[in-house]
>>> print(open('data.cif').read())   # mmCIF, C-alpha atoms
data_my_file
#
loop_
_atom_site.group_PDB
_atom_site.id
_atom_site.type_symbol
_atom_site.label_atom_id
_atom_site.label_comp_id
_atom_site.auth_asym_id
_atom_site.auth_seq_id
_atom_site.Cartn_x
_atom_site.Cartn_y
_atom_site.Cartn_z
ATOM 1 C CA MET E 24 68.015 -11.015 -59.023
ATOM 2 C CA THR E 25 64.294 -10.165 -58.966
ATOM 3 C CA THR E 26 61.326 -9.940 -61.322
ATOM 4 C CA ASP E 27 59.914 -6.980 -59.356
ATOM 5 C CA GLU E 28 59.563 -4.191 -61.924
ATOM 6 C CA ARG E 29 58.988 -1.355 -59.441
ATOM 7 C CA PRO E 30 61.673 1.350 -59.338
ATOM 8 C CA PRO E 31 64.564 0.441 -57.002
ATOM 9 C CA ALA E 32 63.696 3.091 -54.374
ATOM 10 C CA GLU E 33 60.135 1.717 -54.128
ATOM 11 C CA ARG E 34 61.418 -1.843 -53.766
ATOM 12 C CA LEU E 35 63.781 -0.756 -51.006
ATOM 13 C CA LEU E 36 60.999 1.110 -49.179
ATOM 14 C CA ALA E 37 58.625 -1.856 -49.376
ATOM 15 C CA ALA E 38 61.322 -4.259 -48.158
ATOM 16 C CA ALA E 39 62.316 -1.909 -45.332
ATOM 17 C CA GLU E 40 58.705 -1.485 -44.190
ATOM 18 C CA GLU E 41 58.210 -5.242 -43.959
ATOM 19 C CA LEU E 42 61.486 -5.849 -42.139
ATOM 20 C CA PHE E 43 61.110 -2.947 -39.703
ATOM 21 C CA GLY E 44 57.606 -4.198 -38.945
ATOM 22 C CA GLN E 45 58.574 -7.851 -38.586
ATOM 23 C CA ARG E 46 61.965 -7.528 -36.901
ATOM 24 C CA SER E 47 62.169 -3.979 -35.420
ATOM 25 C CA TYR E 48 64.504 -1.142 -36.315
ATOM 26 C CA SER E 49 67.482 -2.446 -34.341
ATOM 27 C CA ARG E 50 67.302 -5.966 -35.808
ATOM 28 C CA THR E 51 66.981 -4.782 -39.415
ATOM 29 C CA THR E 52 70.130 -4.179 -41.455
ATOM 30 C CA VAL E 53 70.782 -2.408 -44.728
ATOM 31 C CA ALA E 54 72.035 -5.737 -46.112
ATOM 32 C CA GLY E 55 68.774 -7.406 -45.066
ATOM 33 C CA ILE E 56 66.698 -4.692 -46.724
ATOM 34 C CA CYS E 57 68.674 -5.085 -49.947
ATOM 35 C CA ALA E 58 68.369 -8.876 -49.872
ATOM 36 C CA ARG E 59 64.575 -8.599 -49.395
ATOM 37 C CA ALA E 60 64.409 -6.077 -52.276
ATOM 38 C CA GLY E 61 66.545 -8.333 -54.515
ATOM 39 C CA MET E 62 69.294 -5.744 -54.884
ATOM 40 C CA ALA E 63 73.021 -5.558 -54.210
ATOM 41 C CA THR E 64 73.851 -3.861 -50.902
ATOM 42 C CA GLY E 65 75.972 -1.209 -52.595
ATOM 43 C CA SER E 66 72.937 -0.042 -54.590
ATOM 44 C CA PHE E 67 71.189 1.077 -51.387
ATOM 45 C CA TYR E 68 73.308 4.201 -51.008
ATOM 46 C CA ALA E 69 72.289 5.526 -54.402
ATOM 47 C CA TYR E 70 68.809 6.053 -52.913
ATOM 48 C CA PHE E 71 69.182 6.388 -49.132
ATOM 49 C CA GLY E 72 72.032 7.667 -46.990
ATOM 50 C CA SER E 73 71.507 5.347 -44.015
ATOM 51 C CA LYS E 74 69.167 2.975 -42.221
ATOM 52 C CA ALA E 75 67.841 5.956 -40.236
ATOM 53 C CA GLU E 76 67.026 7.786 -43.466
ATOM 54 C CA ILE E 77 65.069 4.897 -44.978
ATOM 55 C CA PHE E 78 63.256 4.386 -41.657
ATOM 56 C CA ALA E 79 62.092 8.024 -41.766
ATOM 57 C CA ALA E 80 61.046 7.534 -45.400
ATOM 58 C CA VAL E 81 59.017 4.443 -44.416
ATOM 59 C CA VAL E 82 57.180 6.272 -41.612
ATOM 60 C CA ARG E 83 56.401 9.218 -43.905
ATOM 61 C CA ALA E 84 55.251 6.874 -46.681
ATOM 62 C CA ILE E 85 52.842 5.086 -44.309
ATOM 63 C CA ASN E 86 51.450 8.476 -43.282
ATOM 64 C CA ALA E 87 51.109 9.648 -46.892
ATOM 65 C CA ASP E 88 49.475 6.369 -47.996
ATOM 66 C CA LEU E 89 46.956 6.574 -45.164
ATOM 67 C CA ARG E 90 46.055 10.212 -45.784
ATOM 68 C CA MET E 91 45.738 9.567 -49.541
ATOM 69 C CA ALA E 92 43.464 6.557 -48.953
ATOM 70 C CA MET E 93 41.283 8.582 -46.581
ATOM 71 C CA ARG E 94 41.021 11.455 -49.082
ATOM 72 C CA ALA E 95 39.953 9.005 -51.794
ATOM 73 C CA ALA E 96 37.346 7.459 -49.465
ATOM 74 C CA LEU E 97 35.980 10.889 -48.527
ATOM 75 C CA GLU E 98 35.555 11.819 -52.194
ATOM 76 C CA LYS E 99 33.226 8.820 -52.610
ATOM 77 C CA ALA E 100 31.325 9.298 -49.351
ATOM 78 C CA ASP E 101 28.074 11.247 -49.146
ATOM 79 C CA ASP E 102 27.886 14.490 -47.206
ATOM 80 C CA GLY E 103 26.879 13.027 -43.828
ATOM 81 C CA GLN E 104 29.412 13.223 -40.996
ATOM 82 C CA ARG E 105 28.679 9.663 -39.835
ATOM 83 C CA THR E 106 29.332 8.319 -43.333
ATOM 84 C CA ARG E 107 32.588 10.253 -43.579
ATOM 85 C CA GLU E 108 33.707 8.932 -40.194
ATOM 86 C CA ARG E 109 32.782 5.362 -41.172
ATOM 87 C CA GLU E 110 34.726 5.583 -44.417
ATOM 88 C CA CYS E 111 37.842 7.008 -42.757
ATOM 89 C CA PHE E 112 37.865 4.363 -40.029
ATOM 90 C CA ARG E 113 37.138 1.622 -42.585
ATOM 91 C CA VAL E 114 40.067 2.707 -44.778
ATOM 92 C CA TYR E 115 42.406 2.807 -41.784
ATOM 93 C CA PHE E 116 41.292 -0.626 -40.553
ATOM 94 C CA GLU E 117 41.612 -2.114 -44.052
ATOM 95 C CA MET E 118 45.126 -0.720 -44.353
ATOM 96 C CA MET E 119 45.993 -2.215 -40.950
ATOM 97 C CA SER E 120 44.658 -5.593 -42.128
ATOM 98 C CA LYS E 121 46.934 -5.491 -45.183
ATOM 99 C CA ARG E 122 49.945 -3.982 -43.400
ATOM 100 C CA PRO E 123 49.564 -5.039 -39.737
ATOM 101 C CA TRP E 124 53.110 -3.952 -38.949
ATOM 102 C CA MET E 125 52.540 -0.302 -39.845
ATOM 103 C CA ASP E 126 51.481 0.771 -36.354
ATOM 104 C CA ARG E 127 54.387 -1.164 -34.831
ATOM 105 C CA ILE E 128 56.761 0.870 -37.001
ATOM 106 C CA VAL E 129 55.098 4.145 -36.016
ATOM 107 C CA ARG E 130 55.166 3.218 -32.310
ATOM 108 C CA GLU E 131 58.859 2.327 -32.554
ATOM 109 C CA SER E 132 59.560 5.694 -34.182
ATOM 110 C CA GLU E 133 58.776 7.333 -30.828
ATOM 111 C CA PHE E 134 62.088 5.893 -29.560
ATOM 112 C CA VAL E 135 64.105 5.851 -32.786
ATOM 113 C CA ALA E 136 63.174 9.363 -33.987
ATOM 114 C CA PRO E 137 60.791 11.173 -31.588
ATOM 115 C CA GLY E 138 60.372 14.178 -33.892
ATOM 116 C CA LEU E 139 59.248 11.867 -36.673
ATOM 117 C CA PHE E 140 56.715 10.207 -34.359
ATOM 118 C CA ARG E 141 55.228 13.578 -33.466
ATOM 119 C CA GLU E 142 55.199 14.664 -37.129
ATOM 120 C CA TYR E 143 53.269 11.507 -38.071
ATOM 121 C CA TYR E 144 50.439 12.171 -35.615
ATOM 122 C CA GLU E 145 50.377 15.924 -36.169
ATOM 123 C CA HIS E 146 49.842 15.393 -39.902
ATOM 124 C CA LEU E 147 47.001 12.935 -39.291
ATOM 125 C CA ALA E 148 45.338 15.050 -36.615
ATOM 126 C CA ARG E 149 45.564 18.224 -38.691
ATOM 127 C CA GLY E 150 43.541 16.603 -41.467
ATOM 128 C CA TYR E 151 40.986 15.174 -39.028
ATOM 129 C CA ALA E 152 40.619 18.560 -37.314
ATOM 130 C CA ARG E 153 39.898 20.287 -40.634
ATOM 131 C CA GLY E 154 37.144 17.752 -41.325
ATOM 132 C CA VAL E 155 35.686 18.202 -37.845
ATOM 133 C CA ARG E 156 35.702 21.983 -38.206
ATOM 134 C CA ALA E 157 33.881 21.723 -41.541
ATOM 135 C CA ALA E 158 31.290 19.443 -39.896
ATOM 136 C CA GLN E 159 30.881 21.934 -37.042
ATOM 137 C CA ILE E 160 30.255 24.767 -39.512
ATOM 138 C CA ALA E 161 27.693 22.546 -41.269
ATOM 139 C CA GLY E 162 25.953 21.911 -37.926
ATOM 140 C CA GLU E 163 26.753 18.174 -37.899
ATOM 141 C CA VAL E 164 29.123 18.248 -34.895
ATOM 142 C CA ASP E 165 28.733 20.199 -31.655
ATOM 143 C CA ALA E 166 30.682 23.427 -32.139
ATOM 144 C CA ARG E 167 31.555 23.630 -28.430
ATOM 145 C CA TYR E 168 34.321 21.067 -28.888
ATOM 146 C CA ASP E 169 37.851 21.920 -29.949
ATOM 147 C CA PRO E 170 38.399 20.168 -33.335
ATOM 148 C CA GLU E 171 41.948 19.240 -32.317
ATOM 149 C CA VAL E 172 40.702 17.406 -29.213
ATOM 150 C CA ILE E 173 38.243 15.434 -31.353
ATOM 151 C CA ALA E 174 40.979 14.735 -33.917
ATOM 152 C CA TYR E 175 43.316 13.225 -31.330
ATOM 153 C CA ALA E 176 40.442 11.241 -29.792
ATOM 154 C CA TYR E 177 39.663 9.796 -33.260
ATOM 155 C CA THR E 178 43.353 9.009 -33.757
ATOM 156 C CA GLY E 179 43.622 7.189 -30.423
ATOM 157 C CA ILE E 180 40.431 5.205 -30.933
ATOM 158 C CA GLY E 181 41.432 4.157 -34.437
ATOM 159 C CA ASN E 182 44.943 3.271 -33.338
ATOM 160 C CA PHE E 183 43.948 0.980 -30.466
ATOM 161 C CA VAL E 184 40.913 -0.615 -32.108
ATOM 162 C CA GLY E 185 43.019 -1.323 -35.198
ATOM 163 C CA MET E 186 45.831 -2.722 -33.064
ATOM 164 C CA ARG E 187 43.454 -5.023 -31.151
ATOM 165 C CA TRP E 188 41.604 -6.516 -34.134
ATOM 166 C CA ALA E 189 43.812 -5.977 -37.209
ATOM 167 C CA ASP E 190 47.209 -6.612 -35.609
ATOM 168 C CA TRP E 191 46.731 -8.859 -32.579
ATOM 169 C CA THR E 192 44.030 -11.109 -34.061
ATOM 170 C CA ALA E 193 44.895 -13.903 -36.494
ATOM 171 C CA GLY E 194 43.510 -13.020 -39.910
ATOM 172 C CA GLY E 195 43.644 -9.348 -38.893
ATOM 173 C CA HIS E 196 40.272 -7.798 -39.701
ATOM 174 C CA VAL E 197 38.191 -5.288 -37.726
ATOM 175 C CA PRO E 198 34.643 -6.761 -37.699
ATOM 176 C CA GLU E 199 31.727 -4.644 -38.886
ATOM 177 C CA ASP E 200 30.069 -4.749 -35.453
ATOM 178 C CA VAL E 201 33.235 -3.309 -33.877
ATOM 179 C CA LEU E 202 33.172 -0.467 -36.406
ATOM 180 C CA ASP E 203 29.470 0.046 -35.609
ATOM 181 C CA ASP E 204 30.301 0.324 -31.889
ATOM 182 C CA VAL E 205 33.058 2.867 -32.567
ATOM 183 C CA LEU E 206 30.707 5.040 -34.614
ATOM 184 C CA GLU E 207 27.895 4.750 -32.098
ATOM 185 C CA LEU E 208 30.280 5.775 -29.334
ATOM 186 C CA LEU E 209 31.344 8.823 -31.346
ATOM 187 C CA ALA E 210 27.739 9.697 -32.175
ATOM 188 C CA ARG E 211 26.242 9.618 -28.700
ATOM 189 C CA GLY E 212 28.969 9.061 -26.096
ATOM 190 C CA LEU E 213 28.669 6.625 -23.204
ATOM 191 C CA ALA E 214 25.386 7.777 -21.670
ATOM 192 C CA PRO E 215 22.779 4.975 -21.648
ATOM 193 C CA PRO E 216 19.768 5.427 -23.945
ATOM 194 C CA ALA E 217 16.898 7.272 -22.282
ATOM 195 C CA ALA E 218 14.405 4.918 -20.608
ATOM 196 C CA ARG E 219 11.425 4.238 -22.827
ATOM 197 C CA PRO E 220 8.037 5.263 -21.427
ATOM 198 C CA GLY E 221 5.639 2.466 -20.471
#
>>> encode(input="data.cif", output="structure tokens")
Amino acid sequence: MTTDERPPAERLLAAAEELFGQRSYSRTTVAGICARAGMATGSFYAYFGSKAEIFAAVVRAINADLRMAMRAALEKADDGQRTRERECFRVYFEMMSKRPWMDRIVRESEFVAPGLFREYYEHLARGYARGVRAAQIAGEVDARYDPEVIAYAYTGIGNFVGMRWADWTAGGHVPEDVLDDVLELLARGLAPPAARPG
């Protein structure tokens, strides 16, 4: 049926992610997932118990892929907080460019499985908060701020900037100058630069 050599569970997950993202949860069927994966419908139940179960697996896989990609980017980044922030945002925006439906799936999970939606963002924010706390200890970020507040602010900024440029724009790519603006905003806030003397 297919020349795809990935294990069947991986093929089903990939097919489900694309269909949930393109069609929505309600308009995706188990039969459609199996057809996209090049498998017989009966084979589905050897790997997943229901459409709801594979949907949860898709949301968790997106989260795991994103956190793994960010960890890999951080290992290559130098020790500066700005560089680490740039690399994490870049990885997220690149992933959105390749999988523009991923945020649509996560947003839909708020209504399909609210606990799963919360789990997704709590996992992301927990990792961000740890990084912020480490930067505060190193003196790179103002220690007066709660790391969790910063983590959720990062999450919201990344989510909406990615949605605007990587999902809504044809060709889906967050331009470098947009990333520069995000990082500048994080670095100094919205206050205008001090007036230059003379």
>>> residues_around(input="data.cif", residues="E:Met118", least_positions_apart="6", cutoff="12 Å", atoms="only C-alpha atoms", output="ChimeraX atom specification")
/E:85-86,88-93,111-112,124-126,181-182,185-186,189-190,195-197
>>> resolve_selection(input="data.cif", expression="the PyMOL selection byres ((chain E and resi 30-33) around 10)", output="JSON, numbers by chain")
{"E": [27, 28, 29, 34, 35, 36, 37, 38, 39, 57, 60, 61, 62, 66, 67, 69, 70, 71, 77]}
>>> axis_aligned_box(input="data.cif", around="stretch 117-128 of chain E", padding_each_side="5 Å", output="AutoDock Vina command-line options")
--center_x 49.2 --center_y -2.4 --center_z -40.0 --size_x 25.1 --size_y 16.5 --size_z 20.4
>>> atom_distance(input="data.cif", atom1="atom CA of E:Leu213", atom2="atom CA of E:Ala161")
24.1 Å
>>> atom_distance(input="data.cif", atom1="atom CA of E:Gly154", atom2="atom CA of E:Pro170")
8.4 Å
>>> closest_residue(input="data.cif", among="E:Arg46, E:Ala136, E:Thr52, E:Ala96", to="E:Ala79", atoms="all atoms listed in the file")
E:Ala136
>>> atom_distance(input="data.cif", atom1="atom CA of E:Tyr143", atom2="atom CA of E:Val129")
7.9 Å
>>> resolve_selection(input="data.cif", expression="the PyMOL selection byres ((chain E and resi 205) around 10)", output="list in words")
Glu108, Arg109, Phe112, Tyr177, Ile180, Gly181, Val184, Glu199, Asp200, Val201, Leu202, Asp203, Asp204, Leu206, Glu207, Leu208, Leu209, Ala210 and Gly212 of chain E
>>> write_last_selection(input="data.cif", atoms="C-alpha atoms", output="compact mmCIF listing (two decimals), in the coordinates of the input")
# COMPACT_ATOMS: atom_id res chain seq x y z
CA GLU E 108 33.71 8.93 -40.19
CA ARG E 109 32.78 5.36 -41.17
CA PHE E 112 37.86 4.36 -40.03
CA TYR E 177 39.66 9.80 -33.26
CA ILE E 180 40.43 5.20 -30.93
CA GLY E 181 41.43 4.16 -34.44
CA VAL E 184 40.91 -0.62 -32.11
CA GLU E 199 31.73 -4.64 -38.89
CA ASP E 200 30.07 -4.75 -35.45
CA VAL E 201 33.24 -3.31 -33.88
CA LEU E 202 33.17 -0.47 -36.41
CA ASP E 203 29.47 0.05 -35.61
CA ASP E 204 30.30 0.32 -31.89
CA LEU E 206 30.71 5.04 -34.61
CA GLU E 207 27.90 4.75 -32.10
CA LEU E 208 30.28 5.78 -29.33
CA LEU E 209 31.34 8.82 -31.35
CA ALA E 210 27.74 9.70 -32.17
CA GLY E 212 28.97 9.06 -26.10
>>> residues_around(input="data.cif", residues="E:Arg127", least_positions_apart="5", cutoff="12 Å", atoms="all atoms listed in the file", output="number ranges by chain")
E: 40-48, 82, 85, 119, 122, 132-134, 140, 182-183, 185-186, 189-191
>>> build_atoms(input="data.cif", residues="stretch 166-188 of chain E", atoms="N, CA and C atoms", output="short mmCIF file (atom, residue, chain, number, x, y, z; two decimals), keeping the file's coordinate frame")
data_model
loop_
_atom_site.label_atom_id
_atom_site.label_comp_id
_atom_site.auth_asym_id
_atom_site.auth_seq_id
_atom_site.Cartn_x
_atom_site.Cartn_y
_atom_site.Cartn_z
N ALA E 166 29.63 22.42 -31.96
CA ALA E 166 30.68 23.43 -32.14
C ALA E 166 31.38 23.81 -30.84
N ARG E 167 30.90 23.31 -29.70
CA ARG E 167 31.56 23.63 -28.43
C ARG E 167 32.90 22.93 -28.29
N TYR E 168 33.10 21.84 -29.04
CA TYR E 168 34.32 21.07 -28.89
C TYR E 168 35.46 21.63 -29.74
N ASP E 169 36.66 21.54 -29.21
CA ASP E 169 37.85 21.92 -29.95
C ASP E 169 38.11 20.83 -31.01
N PRO E 170 38.18 21.18 -32.30
CA PRO E 170 38.40 20.17 -33.34
C PRO E 170 39.68 19.35 -33.13
N GLU E 171 40.70 19.97 -32.54
CA GLU E 171 41.95 19.24 -32.32
C GLU E 171 41.77 18.15 -31.26
N VAL E 172 40.98 18.43 -30.23
CA VAL E 172 40.70 17.41 -29.21
C VAL E 172 39.99 16.21 -29.86
N ILE E 173 38.97 16.51 -30.67
CA ILE E 173 38.24 15.43 -31.35
C ILE E 173 39.18 14.66 -32.28
N ALA E 174 40.06 15.38 -32.98
CA ALA E 174 40.98 14.74 -33.92
C ALA E 174 41.90 13.75 -33.20
N TYR E 175 42.43 14.14 -32.05
CA TYR E 175 43.32 13.22 -31.33
C TYR E 175 42.53 12.08 -30.70
N ALA E 176 41.29 12.33 -30.30
CA ALA E 176 40.44 11.24 -29.79
C ALA E 176 40.19 10.22 -30.91
N TYR E 177 39.85 10.70 -32.11
CA TYR E 177 39.66 9.80 -33.26
C TYR E 177 40.93 8.98 -33.50
N THR E 178 42.08 9.67 -33.49
CA THR E 178 43.35 9.01 -33.76
C THR E 178 43.61 7.89 -32.75
N GLY E 179 43.39 8.19 -31.46
CA GLY E 179 43.62 7.19 -30.42
C GLY E 179 42.68 6.01 -30.54
N ILE E 180 41.40 6.29 -30.79
CA ILE E 180 40.43 5.20 -30.93
C ILE E 180 40.80 4.32 -32.11
N GLY E 181 41.07 4.94 -33.25
CA GLY E 181 41.43 4.16 -34.44
C GLY E 181 42.69 3.33 -34.22
N ASN E 182 43.68 3.94 -33.58
CA ASN E 182 44.94 3.27 -33.34
C ASN E 182 44.75 2.01 -32.50
N PHE E 183 44.05 2.12 -31.37
CA PHE E 183 43.95 0.98 -30.47
C PHE E 183 42.94 -0.06 -30.94
N VAL E 184 41.85 0.36 -31.56
CA VAL E 184 40.91 -0.62 -32.11
C VAL E 184 41.59 -1.38 -33.25
N GLY E 185 42.29 -0.66 -34.11
CA GLY E 185 43.02 -1.32 -35.20
C GLY E 185 44.06 -2.29 -34.67
N MET E 186 44.81 -1.86 -33.64
CA MET E 186 45.83 -2.72 -33.06
C MET E 186 45.21 -4.00 -32.50
N ARG E 187 44.09 -3.85 -31.79
CA ARG E 187 43.45 -5.02 -31.15
C ARG E 187 42.95 -6.03 -32.18
N TRP E 188 42.24 -5.56 -33.21
CA TRP E 188 41.60 -6.52 -34.13
C TRP E 188 42.40 -6.77 -35.41
#
